[in-house]
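Text of start_21.cif, listed as mmCIF, C-alpha atoms and all ligand atoms:
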data_structure
loop_
_atom_site.label_atom_id
_atom_site.label_comp_id
_atom_site.auth_asym_id
_atom_site.auth_seq_id
_atom_site.Cartn_x
_atom_site.Cartn_y
_atom_site.Cartn_z
CA MET A 1 -28.95 32.07 80.12
CA ALA A 2 -31.15 34.72 78.51
CA GLU A 3 -31.64 36.35 81.88
CA LYS A 4 -27.87 36.83 82.34
CA ALA A 5 -27.35 38.19 78.85
CA ILE A 6 -29.53 41.25 79.36
CA ARG A 7 -28.24 41.99 82.84
CA GLN A 8 -26.11 45.05 83.22
CA PRO A 9 -23.15 45.17 85.58
CA ASN A 10 -24.34 46.09 89.04
CA ARG A 11 -23.84 49.76 89.75
CA LYS A 12 -22.21 49.39 93.15
CA CYS A 13 -21.81 52.30 95.49
CA PRO A 14 -18.21 53.52 94.98
CA MET A 15 -17.93 53.98 98.75
CA SER A 16 -16.92 50.33 99.10
CA GLN A 17 -13.93 50.64 96.72
CA THR A 18 -12.62 54.14 97.45
CA PRO A 19 -11.10 55.44 100.67
CA PRO A 20 -13.67 56.86 103.07
CA ASN A 21 -14.45 60.56 103.06
CA PRO A 22 -12.38 62.62 105.49
CA SER A 23 -14.10 62.69 108.83
CA TYR A 24 -15.84 65.60 110.53
CA PRO A 25 -15.21 68.51 110.44
CA ARG A 26 -13.50 68.20 107.05
CA THR A 27 -16.65 66.48 105.90
CA ARG A 28 -19.80 68.28 106.93
CA MET A 29 -22.75 66.63 105.19
CA ARG A 30 -24.89 69.67 106.00
CA ARG A 31 -22.81 72.01 103.78
CA THR A 32 -24.66 71.08 100.60
CA ARG A 33 -28.02 71.12 102.42
CA GLN A 34 -27.74 74.72 103.59
CA ALA A 35 -29.84 76.49 100.94
CA PRO A 36 -32.53 75.72 98.36
CA TRP A 37 -30.11 76.39 95.50
CA SER A 38 -27.45 74.00 96.79
CA ARG A 39 -30.00 71.33 97.58
CA ALA A 40 -31.36 71.68 94.05
CA MET A 41 -27.83 71.43 92.64
CA VAL A 42 -27.06 68.10 94.32
CA ALA A 43 -30.50 66.50 93.97
CA GLU A 44 -30.00 63.02 92.53
CA ALA A 45 -33.55 62.54 91.25
CA SER A 46 -36.20 64.91 89.98
CA LEU A 47 -39.95 64.88 89.60
CA SER A 48 -41.74 66.40 86.62
CA ALA A 49 -45.04 66.16 84.73
CA ALA A 50 -43.26 64.00 82.14
CA ASP A 51 -42.90 61.23 84.74
CA PHE A 52 -46.61 60.50 84.87
CA ILE A 53 -49.14 58.19 83.32
CA TRP A 54 -52.58 59.30 84.51
CA PRO A 55 -55.25 56.58 85.08
CA ILE A 56 -58.82 57.60 84.15
CA PHE A 57 -62.03 55.66 84.85
CA VAL A 58 -64.58 55.84 82.04
CA ILE A 59 -68.38 55.28 82.14
CA GLU A 60 -71.19 55.34 79.58
CA GLY A 61 -73.34 58.40 79.01
CA GLU A 62 -72.83 62.08 78.58
CA ASN A 63 -71.66 64.88 80.82
CA ARG A 64 -71.61 62.72 83.93
CA ILE A 65 -69.13 62.60 86.81
CA GLU A 66 -69.35 59.92 89.49
CA PRO A 67 -67.00 60.29 92.45
CA VAL A 68 -65.27 57.07 93.59
CA ALA A 69 -66.09 56.94 97.31
CA SER A 70 -62.91 55.13 98.36
CA MET A 71 -60.71 57.47 96.29
CA PRO A 72 -61.60 61.05 97.27
CA GLY A 73 -60.81 63.37 94.36
CA VAL A 74 -60.99 60.60 91.73
CA ASP A 75 -64.06 60.25 89.49
CA ARG A 76 -65.53 57.99 86.88
CA VAL A 77 -66.39 60.16 83.90
CA THR A 78 -68.18 59.91 80.57
CA ILE A 79 -66.13 60.06 77.37
CA ASP A 80 -66.89 63.74 76.67
CA ILE A 81 -65.59 64.75 80.08
CA ALA A 82 -62.62 62.38 79.80
CA VAL A 83 -61.64 64.16 76.57
CA ARG A 84 -61.66 67.54 78.33
CA ARG A 85 -59.62 66.19 81.23
CA VAL A 86 -57.09 64.66 78.86
CA GLU A 87 -56.78 68.01 77.07
CA GLU A 88 -55.87 69.57 80.39
CA ALA A 89 -53.39 66.79 81.18
CA ALA A 90 -51.67 67.31 77.83
CA THR A 91 -51.45 71.05 78.47
CA LEU A 92 -49.74 70.31 81.79
CA GLY A 93 -47.13 68.17 80.04
CA ILE A 94 -48.39 64.75 81.11
CA PRO A 95 -47.28 62.39 78.33
CA CYS A 96 -49.77 59.55 78.68
CA VAL A 97 -53.14 58.51 80.11
CA ALA A 98 -54.36 55.01 81.00
CA LEU A 99 -58.04 54.20 80.50
CA PHE A 100 -60.10 51.83 82.65
CA PRO A 101 -63.79 51.10 81.96
CA ASN A 102 -66.65 50.59 84.36
CA ILE A 103 -69.28 48.89 82.20
CA ASP A 104 -72.87 47.87 82.79
CA ALA A 105 -73.35 44.66 84.78
CA SER A 106 -75.32 43.14 81.88
CA LEU A 107 -72.17 43.21 79.72
CA ARG A 108 -70.09 41.29 82.25
CA THR A 109 -70.21 37.65 81.18
CA PRO A 110 -68.30 34.43 81.94
CA GLY A 111 -66.88 34.55 78.39
CA CYS A 112 -65.91 38.26 78.66
CA GLU A 113 -66.94 38.87 75.02
CA GLU A 114 -67.41 42.62 75.49
CA ALA A 115 -63.61 42.90 75.92
CA TRP A 116 -63.12 42.44 72.16
CA ASN A 117 -66.18 44.29 70.92
CA PRO A 118 -64.57 46.92 68.64
CA ASP A 119 -67.24 49.40 69.79
CA ASN A 120 -66.89 48.82 73.49
CA LEU A 121 -66.61 51.75 75.88
CA ILE A 122 -62.83 51.69 75.99
CA CYS A 123 -62.43 51.61 72.20
CA ARG A 124 -64.86 54.52 71.80
CA ALA A 125 -63.04 56.47 74.50
CA THR A 126 -59.71 55.78 72.80
CA ARG A 127 -60.97 56.99 69.42
CA ALA A 128 -62.46 60.15 70.94
CA ILE A 129 -59.30 60.99 72.88
CA LYS A 130 -56.92 60.28 70.00
CA ALA A 131 -59.08 62.43 67.71
CA ALA A 132 -59.21 65.38 70.12
CA VAL A 133 -55.74 65.16 71.71
CA PRO A 134 -53.51 63.29 69.25
CA GLU A 135 -50.33 64.45 70.97
CA ILE A 136 -50.94 62.47 74.17
CA GLY A 137 -50.18 58.76 74.55
CA VAL A 138 -53.11 56.48 75.30
CA MET A 139 -52.57 53.27 77.23
CA GLU A 140 -55.13 50.49 77.60
CA ASP A 141 -55.33 47.82 80.24
CA VAL A 142 -55.36 44.29 78.91
CA ALA A 143 -57.11 42.03 81.44
CA LEU A 144 -60.63 40.64 81.54
CA ASP A 145 -61.75 41.76 85.01
CA PRO A 146 -63.95 44.72 83.95
CA TYR A 147 -65.81 42.38 81.54
CA ASN A 148 -65.90 39.23 83.64
CA ALA A 149 -69.04 38.16 85.53
CA LEU A 150 -66.62 36.57 88.03
CA GLY A 151 -64.28 39.55 88.40
CA HIS A 152 -61.12 37.66 87.40
CA ASP A 153 -58.49 38.82 84.91
CA GLY A 154 -58.71 35.53 83.01
CA ILE A 155 -61.40 33.11 81.84
CA VAL A 156 -62.78 31.02 84.68
CA VAL A 157 -63.71 27.38 84.08
CA GLY A 158 -64.90 25.60 87.21
CA ASP A 159 -62.57 26.80 89.93
CA GLN A 160 -59.62 27.45 87.56
CA ILE A 161 -58.44 30.61 85.85
CA VAL A 162 -57.42 28.94 82.61
CA ASN A 163 -54.16 30.33 81.26
CA ASP A 164 -54.05 29.57 77.54
CA LEU A 165 -57.74 30.21 76.94
CA SER A 166 -57.30 33.56 78.69
CA VAL A 167 -54.30 34.45 76.52
CA GLU A 168 -56.42 33.90 73.39
CA ALA A 169 -59.05 36.27 74.79
CA LEU A 170 -56.45 38.86 75.80
CA VAL A 171 -55.03 38.86 72.28
CA LYS A 172 -58.49 39.61 70.85
CA GLN A 173 -58.94 42.37 73.44
CA ALA A 174 -55.59 44.00 72.61
CA LEU A 175 -56.23 43.89 68.87
CA VAL A 176 -59.46 45.92 69.09
CA GLN A 177 -57.68 48.39 71.38
CA ALA A 178 -54.79 48.77 68.93
CA GLU A 179 -57.28 49.11 66.07
CA ALA A 180 -58.99 51.94 68.03
CA GLY A 181 -55.69 53.80 68.30
CA ALA A 182 -54.11 52.70 71.59
CA ASN A 183 -50.40 53.58 71.67
CA ILE A 184 -49.52 51.37 74.62
CA ILE A 185 -50.99 48.04 75.61
CA GLY A 186 -50.60 47.37 79.34
CA PRO A 187 -51.27 43.72 80.11
CA SER A 188 -52.13 43.58 83.82
CA ASP A 189 -53.50 40.04 83.80
CA MET A 190 -50.34 38.05 84.79
CA MET A 191 -51.14 35.09 82.53
CA ASP A 192 -48.05 33.16 81.38
CA GLY A 193 -46.94 33.70 77.80
CA ARG A 194 -49.23 36.62 77.09
CA ILE A 195 -46.49 39.09 76.18
CA GLY A 196 -45.19 36.84 73.40
CA ALA A 197 -48.68 36.14 72.12
CA LEU A 198 -49.60 39.83 72.17
CA ARG A 199 -46.37 40.91 70.48
CA ASP A 200 -46.81 38.33 67.69
CA ALA A 201 -50.46 39.29 67.16
CA LEU A 202 -49.64 43.00 67.07
CA GLU A 203 -46.87 42.42 64.52
CA ALA A 204 -49.10 40.22 62.38
CA GLY A 205 -51.95 42.73 62.63
CA GLY A 206 -49.89 45.65 61.33
CA HIS A 207 -49.51 47.24 64.77
CA GLU A 208 -45.75 46.99 65.00
CA ASN A 209 -45.47 50.43 66.62
CA VAL A 210 -47.83 49.67 69.48
CA MET A 211 -45.80 49.47 72.69
CA LEU A 212 -46.16 46.82 75.37
CA LEU A 213 -45.81 48.08 78.92
CA SER A 214 -46.02 44.85 80.82
CA TYR A 215 -47.30 44.66 84.36
CA ALA A 216 -44.39 42.24 84.79
CA ALA A 217 -44.13 42.09 88.58
CA LYS A 218 -47.68 42.43 89.76
CA TYR A 219 -48.37 41.20 93.25
CA ALA A 220 -51.54 39.71 94.74
CA SER A 221 -52.22 42.82 96.78
CA ALA A 222 -54.95 44.23 98.96
CA PHE A 223 -53.86 47.69 97.78
CA TYR A 224 -56.11 47.27 94.70
CA GLY A 225 -59.30 47.43 96.76
CA PRO A 226 -60.42 50.97 95.85
CA PHE A 227 -59.65 50.33 92.14
CA ARG A 228 -61.98 47.35 92.18
CA ASP A 229 -64.68 49.66 93.57
CA ALA A 230 -63.92 52.13 90.79
CA VAL A 231 -64.34 49.59 87.96
CA GLY A 232 -67.21 47.82 89.71
CA ALA A 233 -65.36 44.50 90.02
CA ALA A 234 -65.19 44.40 93.81
CA GLY A 235 -68.50 42.68 94.49
CA LYS A 236 -68.01 40.31 91.55
CA LEU A 237 -64.64 38.78 92.46
CA THR A 238 -64.92 35.16 93.54
CA GLY A 239 -61.94 34.08 95.61
CA ASP A 240 -58.64 35.89 95.12
CA LYS A 241 -55.99 36.39 92.42
CA LYS A 242 -53.17 34.46 94.11
CA THR A 243 -52.90 31.78 91.40
CA TYR A 244 -51.72 34.38 88.89
CA GLN A 245 -50.55 37.50 90.74
CA MET A 246 -47.29 37.20 92.70
CA ASP A 247 -46.72 36.37 96.34
CA PRO A 248 -45.67 39.54 98.22
CA LEU A 249 -42.88 37.51 99.88
CA ASN A 250 -40.97 37.06 96.60
CA SER A 251 -38.32 39.17 94.93
CA ASP A 252 -36.17 36.80 92.78
CA GLU A 253 -39.40 35.60 91.17
CA ALA A 254 -40.06 39.17 90.03
CA MET A 255 -36.71 39.16 88.20
CA ARG A 256 -37.75 35.98 86.37
CA GLU A 257 -41.08 37.57 85.43
CA VAL A 258 -39.32 40.65 84.07
CA ALA A 259 -36.73 38.58 82.17
CA LEU A 260 -39.49 36.51 80.57
CA ASP A 261 -41.59 39.52 79.57
CA LEU A 262 -38.56 41.25 78.04
CA SER A 263 -37.58 38.09 76.16
CA GLU A 264 -41.15 37.88 74.80
CA GLY A 265 -41.14 41.45 73.50
CA ALA A 266 -42.14 43.88 76.26
CA ASP A 267 -40.82 47.39 75.60
CA MET A 268 -41.23 48.57 79.18
CA VAL A 269 -41.99 46.89 82.48
CA MET A 270 -43.95 47.78 85.57
CA VAL A 271 -43.86 46.93 89.25
CA LYS A 272 -47.16 47.02 91.10
CA PRO A 273 -48.08 48.10 93.77
CA GLY A 274 -45.54 50.87 94.15
CA MET A 275 -44.54 52.14 97.56
CA PRO A 276 -44.46 48.79 99.41
CA TYR A 277 -42.38 47.35 96.52
CA LEU A 278 -39.67 49.96 95.98
CA ASP A 279 -37.01 47.28 96.55
CA ILE A 280 -38.36 45.49 93.48
CA CYS A 281 -38.25 48.71 91.42
CA ARG A 282 -34.59 49.20 92.32
CA ARG A 283 -33.68 45.60 91.49
CA VAL A 284 -35.46 45.73 88.13
CA LYS A 285 -33.69 48.94 87.13
CA ASP A 286 -30.28 47.71 88.29
CA GLU A 287 -30.52 44.24 86.80
CA PHE A 288 -32.20 45.02 83.47
CA ALA A 289 -31.63 48.73 82.77
CA VAL A 290 -34.89 48.97 80.79
CA PRO A 291 -37.71 51.54 81.04
CA THR A 292 -39.19 50.79 84.45
CA PHE A 293 -42.49 52.03 85.81
CA ALA A 294 -44.36 51.66 89.07
CA TYR A 295 -48.07 51.85 89.76
CA GLN A 296 -48.92 53.99 92.76
CA THR A 297 -52.08 52.02 93.33
CA SER A 298 -55.55 53.04 94.40
CA GLY A 299 -54.84 51.76 97.92
CA GLU A 300 -51.73 53.91 98.23
CA TYR A 301 -53.78 56.90 97.06
CA ALA A 302 -56.61 56.11 99.49
CA MET A 303 -54.17 55.70 102.36
CA LEU A 304 -52.57 59.12 101.81
CA GLU A 305 -55.93 60.82 101.23
CA ALA A 306 -57.48 59.32 104.35
CA ALA A 307 -54.60 60.42 106.54
CA ALA A 308 -54.61 63.89 104.99
CA ALA A 309 -58.38 64.22 105.42
CA ASN A 310 -57.91 63.54 109.12
CA GLY A 311 -55.21 66.15 109.35
CA TRP A 312 -52.66 63.45 110.21
CA LEU A 313 -50.42 64.02 107.19
CA ASP A 314 -49.73 67.12 105.15
CA ARG A 315 -51.20 66.12 101.81
CA ASP A 316 -49.21 68.30 99.43
CA THR A 317 -45.84 67.52 100.97
CA VAL A 318 -46.41 63.84 101.52
CA THR A 319 -47.65 63.19 97.98
CA LEU A 320 -44.53 64.78 96.48
CA GLU A 321 -42.37 62.79 98.85
CA ALA A 322 -44.09 59.50 98.02
CA LEU A 323 -43.78 60.15 94.27
CA SER A 324 -40.15 61.27 94.53
CA ALA A 325 -39.38 57.92 96.16
CA PHE A 326 -40.25 56.14 92.90
CA LYS A 327 -37.75 58.24 90.97
CA ARG A 328 -35.07 57.67 93.61
CA ALA A 329 -35.76 53.91 93.44
CA GLY A 330 -34.91 53.95 89.74
CA CYS A 331 -38.33 54.28 88.09
CA ASP A 332 -38.57 56.22 84.85
CA GLY A 333 -42.18 57.06 85.61
CA MET A 334 -45.29 56.23 87.58
CA LEU A 335 -48.95 55.60 87.05
CA SER A 336 -50.52 57.86 89.63
CA TYR A 337 -53.95 59.27 90.40
CA TYR A 338 -52.06 62.36 91.58
CA ALA A 339 -50.64 63.07 88.11
CA VAL A 340 -52.71 66.16 87.29
CA ASP A 341 -52.73 67.52 90.81
CA VAL A 342 -48.95 67.24 91.09
CA ALA A 343 -48.31 68.52 87.55
CA LYS A 344 -50.31 71.63 88.42
CA ARG A 345 -48.33 72.17 91.59
CA LEU A 346 -45.00 71.62 89.83
CA ALA A 347 -46.02 74.12 87.14
CA ALA A 348 -46.89 76.72 89.80
CA ARG A 349 -43.44 76.49 91.45
C1 LIG B 401 -56.91 44.82 86.60
C2 LIG B 401 -56.16 45.90 87.27
C3 LIG B 401 -56.10 46.14 88.65
C4 LIG B 401 -55.40 47.35 88.78
C5 LIG B 401 -55.02 47.76 87.51
N1 LIG B 401 -55.48 46.84 86.59
C6 LIG B 401 -56.72 45.46 89.79
C7 LIG B 401 -56.49 44.01 90.02
O1 LIG B 401 -55.57 43.40 89.48
O2 LIG B 401 -57.28 43.46 90.75
C8 LIG B 401 -55.14 48.04 90.10
C9 LIG B 401 -54.93 49.52 90.03
C10 LIG B 401 -55.03 50.21 91.34
O3 LIG B 401 -55.23 49.60 92.41
O4 LIG B 401 -54.93 51.45 91.32
N2 LIG B 401 -56.27 43.72 86.17
#
Translate the structure of the given file into structure tokens.
Amino acid sequence: MAEKAIRQPNRKCPMSQTPPNPSYPRTRMRRTRQAPWSRAMVAEASLSAADFIWPIFVIEGENRIEPVASMPGVDRVTIDIAVRRVEEAATLGIPCVALFPNIDASLRTPGCEEAWNPDNLICRATRAIKAAVPEIGVMEDVALDPYNALGHDGIVVGDQIVNDLSVEALVKQALVQAEAGANIIGPSDMMDGRIGALRDALEAGGHENVMLLSYAAKYASAFYGPFRDAVGAAGKLTGDKKTYQMDPLNSDEAMREVALDLSEGADMVMVKPGMPYLDICRRVKDEFAVPTFAYQTSGEYAMLEAAAANGWLDRDTVTLEALSAFKRAGCDGMLSYYAVDVAKRLAAR
């Protein structure tokens, strides 16, 4: 079985095989916790600017910043401003940004044609960023929702989100993004077979170095609400995404999704949302030992910000704690709207 072949032996806690630690007072767990230096010395995970992919929402125009109401501190920005923000992110040591467009309603069609217009907003943003800040990685979302009159990630025919027709469209979308200079293609659409189709098309198109970071285990989640506001897809969505995104009750199914995406040519995989799915992150890392990412979604961001704004949680501490949890759960990195904010704070330490 292909799935078995790429599995690594389970890293079991040695506690179960070795004799127990001597009991108190020979063992005092607090000894290593007594000072900042000793805590730092025994820390099992660490958090740094290099762990982040920073999502940015892009709009048409010049020198314009639109705050996203449901994500305090997050804006939609025009390309010129995005370039300046990416420059700052690079200076802080953030390795990669992920671009998401909010396009005019008139360009959102049932056929989603704007997705593969080589001069669409996202392709222009990619070219501008790669020209100004070539040292940073640029990731593009592959999914049709920002271009779809019906708000879905795939092509809708009648009441169906049609898989194979959608995959053809996604391939066209990814090719214009790669042509524009995208380093990473992040398919977030959850159509079956899209990783293989994208990998073959990228190879055939001379884009063999473009990486695929697959949203492999993406759940049908209400934590995406504020993101849909940000890209203007919220009011458009008819029905829900449960016929393609995963059921939050499933975990083994996520392992099958990851195995399939890896067998089709994904270089890296993602679990999404993040914090409510840390068990999935840990399983993916343990069972596949591949680069594993989590998306700290818009809803997770909104939740923390809302509580902090009310004075119910201490924002700076709780954000670091939430992000550290991803590293502890085995993630190599996170997409997070906190990337720049946290990178600044880590640099100031
Ligand atoms: C689109 C897409 C979504 C997110 C990333 N890409 C929303 C969705 O699937 O409805 C969510 C990101 C977030 O909530 O921060 N396919």
Using all atoms listed in the file, find each protein or nucleic acid residue lying at most 6 Å from ligand LIG 401 (chain B); present the set as a PyMOL selection string.
-> chain A and resi 143+145+153+188-189+223-224+227+297-299
Distance table requested - region 97-187 of chain A against region 248-268 of chain A, cut-off 12 Å, all atoms listed in the file: one row per qualifying residue with the closest atom pair and its distance in Å to one decimal, ordered by chain and rising residue number, as JSON lines.
{"residue": "A:Ile184", "atom": "CA", "partner": "A:Asp267", "partner_atom": "CA", "distance": 9.6}
{"residue": "A:Ile185", "atom": "CA", "partner": "A:Ala266", "partner_atom": "CA", "distance": 9.8}
{"residue": "A:Gly186", "atom": "CA", "partner": "A:Met268", "partner_atom": "CA", "distance": 9.4}
{"residue": "A:Pro187", "atom": "CA", "partner": "A:Ala266", "partner_atom": "CA", "distance": 9.9}
Trp116 (chain A): which residues within 12 Å, counting all atoms listed in the file, same-chain residues fewer than 2 positions away excluded, as a list in words?
->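 Counting only the stated atoms, we get Leu107, Gly111, Cys112, Glu113, Glu114, Pro118, Asp119, Asn120, Leu121, Ile122, Cys123, Val142, Ala143, Leu144, Tyr147, Glu168, Ala169, Leu170, Val171, Lys172, Gln173, Ala174, Leu175, Val176, Gln177, Ala178, Glu179 and Ala180 of chain A.
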Who sits within 10 Å of Val284 (chain A), only C-alpha atoms, same chain under 2 positions skipped, as an MDAnalysis selection string | chainID A and resid 7 217 251 254:255 258:259 269:271 278:282 286:293 329:331
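Distance annotation: of A:Arg28, A:Arg283, A:Arg84, A:Arg124, the residue with the minimal separation from Ile59 (chain A) is A:Arg124; atom set is all atoms listed in the file.
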Quote the spacing between CA of Ala82 (chain A) and CA of Val58 (chain A) in Å to one decimal place.
->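 Taking CA of Ala82 (chain A) and CA of Val58 (chain A), their separation equals 7.2 Å.
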Interatomic distance between CA of Thr243 (chain A) and CA of Asn102 (chain A)?
-> 24.3 Å
CA of Arg345 (chain A) and CA of Glu66 (chain A), how far apart in Å?
->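 Going from CA of Glu66 (chain A) over to CA of Arg345 (chain A), I get 24.4 Å.
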Of the residues A:Met71, A:Val342, A:Ala40, A:Ala131, which is the one nearest to Val83 (chain A), using all atoms listed in the file?
->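 Looking at the shortest contact to Val83 (chain A), the residue is A:Ala131.
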Can you work out which one of A:Phe100, A:Tyr24, A:Trp312, A:Phe57 has the shortest atom-to-atom distance to Val77 (chain A), counting all atoms listed in the file?
->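 Using all atoms listed in the file, the shortest distance to Val77 (chain A) belongs to A:Phe57.
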Find the residues around Leu165 (chain A) up to 10 Å (all atoms listed in the file counted), leave out those fewer than 6 positions away in its own chain, and share them as a ChimeraX atom specification.
-> /A:154-157,191
